[in-house]
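Participant: Just dropping this structure here.
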Amino acid sequence: MRAIRMEAIEKLHVAEINVLVMLADRLGTEEKRLDYKELAEELGLSRNTVKYNVEKLVEAGLVIKRGGKLSVAEDIFSEAVGSG
């Protein structure tokens, strides 16, 4: 199981963390197109707020944007050790 390393998100605001967690769940490190409206509805935010926070995550190097597709930077993940 993969988990997001705490040091990767310690300087983010709550909205950015929520968006990043949702992106990590939806996209992982695979490049895919994202429906901002759908994501906004799930997070209870406006589409513009989600888009703004995605851009902040891109600027921070946590999300990668190529040709209109997004993926989460692989180096923010750590392997979580499961019990049992």
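Each chain of the structure tokens is named A, B, ... in the order shown, its residues numbered from 1; ligands are numbered from 1 in display order.
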Can you pull out the residues contacting segment 20-25 of chain A? Cut-off 9 Å, using only C-alpha atoms, and skip same-chain residues under 2 positions away; I want them as number ranges by chain.
Facilitator: A: 4, 9, 15-18, 27-29, 34, 39, 43, 53-54, 57, 62-63, 70-72
Participant: Kindly save the residues from that selection, with C-alpha atoms included, as a PDB file, in the first residue's frame.
Facilitator:
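Contents of selection_17.pdb, freshly written:
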```pdb
ATOM      1  CA  ILE A   4       1.874  10.118   1.027  1.00  0.00           C
ATOM      2  CA  ILE A   9       2.651  17.880   2.460  1.00  0.00           C
ATOM      3  CA  ALA A  15      -7.570  22.585   0.603  1.00  0.00           C
ATOM      4  CA  GLU A  16      -4.332  21.687  -1.197  1.00  0.00           C
ATOM      5  CA  ILE A  17      -3.944  18.549   0.917  1.00  0.00           C
ATOM      6  CA  ASN A  18      -7.541  17.505   0.226  1.00  0.00           C
ATOM      7  CA  LEU A  27      -4.643   9.260 -10.589  1.00  0.00           C
ATOM      8  CA  GLY A  28      -1.743   7.820  -8.688  1.00  0.00           C
ATOM      9  CA  THR A  29       1.347   8.206 -10.846  1.00  0.00           C
ATOM     10  CA  LEU A  34      -9.155  15.208 -14.682  1.00  0.00           C
ATOM     11  CA  LEU A  39     -13.701  16.591  -8.264  1.00  0.00           C
ATOM     12  CA  LEU A  43     -14.718  17.840  -2.258  1.00  0.00           C
ATOM     13  CA  ASN A  53      -5.164  24.264  -5.868  1.00  0.00           C
ATOM     14  CA  VAL A  54      -4.107  21.874  -8.633  1.00  0.00           C
ATOM     15  CA  LEU A  57       0.412  21.617  -6.469  1.00  0.00           C
ATOM     16  CA  LEU A  62       3.796  17.504  -6.279  1.00  0.00           C
ATOM     17  CA  VAL A  63       1.583  17.146  -9.352  1.00  0.00           C
ATOM     18  CA  LEU A  70      -2.142  15.171 -14.654  1.00  0.00           C
ATOM     19  CA  SER A  71      -0.265  12.699 -12.501  1.00  0.00           C
ATOM     20  CA  VAL A  72       1.039  12.779  -8.954  1.00  0.00           C
TER      21      VAL A  72
END
```
Participant: Mind the document's chain letters and residue numbers, and return as a VMD selection string the residues of chain A that DSSP labels alpha helix (DSSP H).
Facilitator: chain A and resid 6 to 9 14 to 26 36 to 43 47 to 59
Participant: Convert the current residue selection to file output with C-alpha atoms, as an mmCIF file, in the first residue's frame.
Facilitator:
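Heads up, here's the output in again38.cif:
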```cif
data_model
loop_
_atom_site.group_PDB
_atom_site.id
_atom_site.type_symbol
_atom_site.label_atom_id
_atom_site.label_comp_id
_atom_site.auth_asym_id
_atom_site.auth_seq_id
_atom_site.Cartn_x
_atom_site.Cartn_y
_atom_site.Cartn_z
ATOM 1 C CA MET A 6 4.257 13.719 5.599
ATOM 2 C CA GLU A 7 7.247 15.864 4.656
ATOM 3 C CA ALA A 8 5.790 16.199 1.146
ATOM 4 C CA ILE A 9 2.651 17.880 2.460
ATOM 5 C CA VAL A 14 -5.896 22.084 4.002
ATOM 6 C CA ALA A 15 -7.570 22.585 0.603
ATOM 7 C CA GLU A 16 -4.332 21.687 -1.197
ATOM 8 C CA ILE A 17 -3.944 18.549 0.917
ATOM 9 C CA ASN A 18 -7.541 17.505 0.226
ATOM 10 C CA VAL A 19 -7.041 17.986 -3.510
ATOM 11 C CA LEU A 20 -3.712 16.138 -3.447
ATOM 12 C CA VAL A 21 -5.178 13.183 -1.549
ATOM 13 C CA MET A 22 -8.063 12.958 -4.021
ATOM 14 C CA LEU A 23 -5.640 13.167 -6.966
ATOM 15 C CA ALA A 24 -3.407 10.504 -5.456
ATOM 16 C CA ASP A 25 -6.451 8.264 -5.043
ATOM 17 C CA ARG A 26 -7.803 8.932 -8.542
ATOM 18 C CA TYR A 36 -12.420 19.511 -12.247
ATOM 19 C CA LYS A 37 -16.196 19.853 -11.886
ATOM 20 C CA GLU A 38 -16.605 16.275 -10.680
ATOM 21 C CA LEU A 39 -13.701 16.591 -8.264
ATOM 22 C CA ALA A 40 -15.077 19.899 -6.971
ATOM 23 C CA GLU A 41 -18.454 18.312 -6.253
ATOM 24 C CA GLU A 42 -16.838 15.463 -4.328
ATOM 25 C CA LEU A 43 -14.718 17.840 -2.258
ATOM 26 C CA ARG A 47 -14.369 24.227 -9.716
ATOM 27 C CA ASN A 48 -12.144 27.314 -9.673
ATOM 28 C CA THR A 49 -10.885 26.485 -6.175
ATOM 29 C CA VAL A 50 -9.951 22.967 -7.258
ATOM 30 C CA LYS A 51 -8.235 24.248 -10.401
ATOM 31 C CA TYR A 52 -6.345 26.882 -8.365
ATOM 32 C CA ASN A 53 -5.164 24.264 -5.868
ATOM 33 C CA VAL A 54 -4.107 21.874 -8.633
ATOM 34 C CA GLU A 55 -2.015 24.681 -10.143
ATOM 35 C CA LYS A 56 -0.420 25.332 -6.719
ATOM 36 C CA LEU A 57 0.412 21.617 -6.469
ATOM 37 C CA VAL A 58 1.944 21.715 -9.961
ATOM 38 C CA GLU A 59 4.054 24.740 -8.969
#
```
Participant: Could you jot down the atom CA of Arg33 of chain A to atom CA of Gly68 of chain A separation for me, Å, one decimal place?
Facilitator: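 Rounded to one decimal, the two atoms are 6.6 Å apart.
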Participant: Using only C-alpha atoms, which residue out of A:Ala60, A:His13, A:Ser46, A:Glu30 lies closest to Glu74 of chain A?
Facilitator: A:Glu30
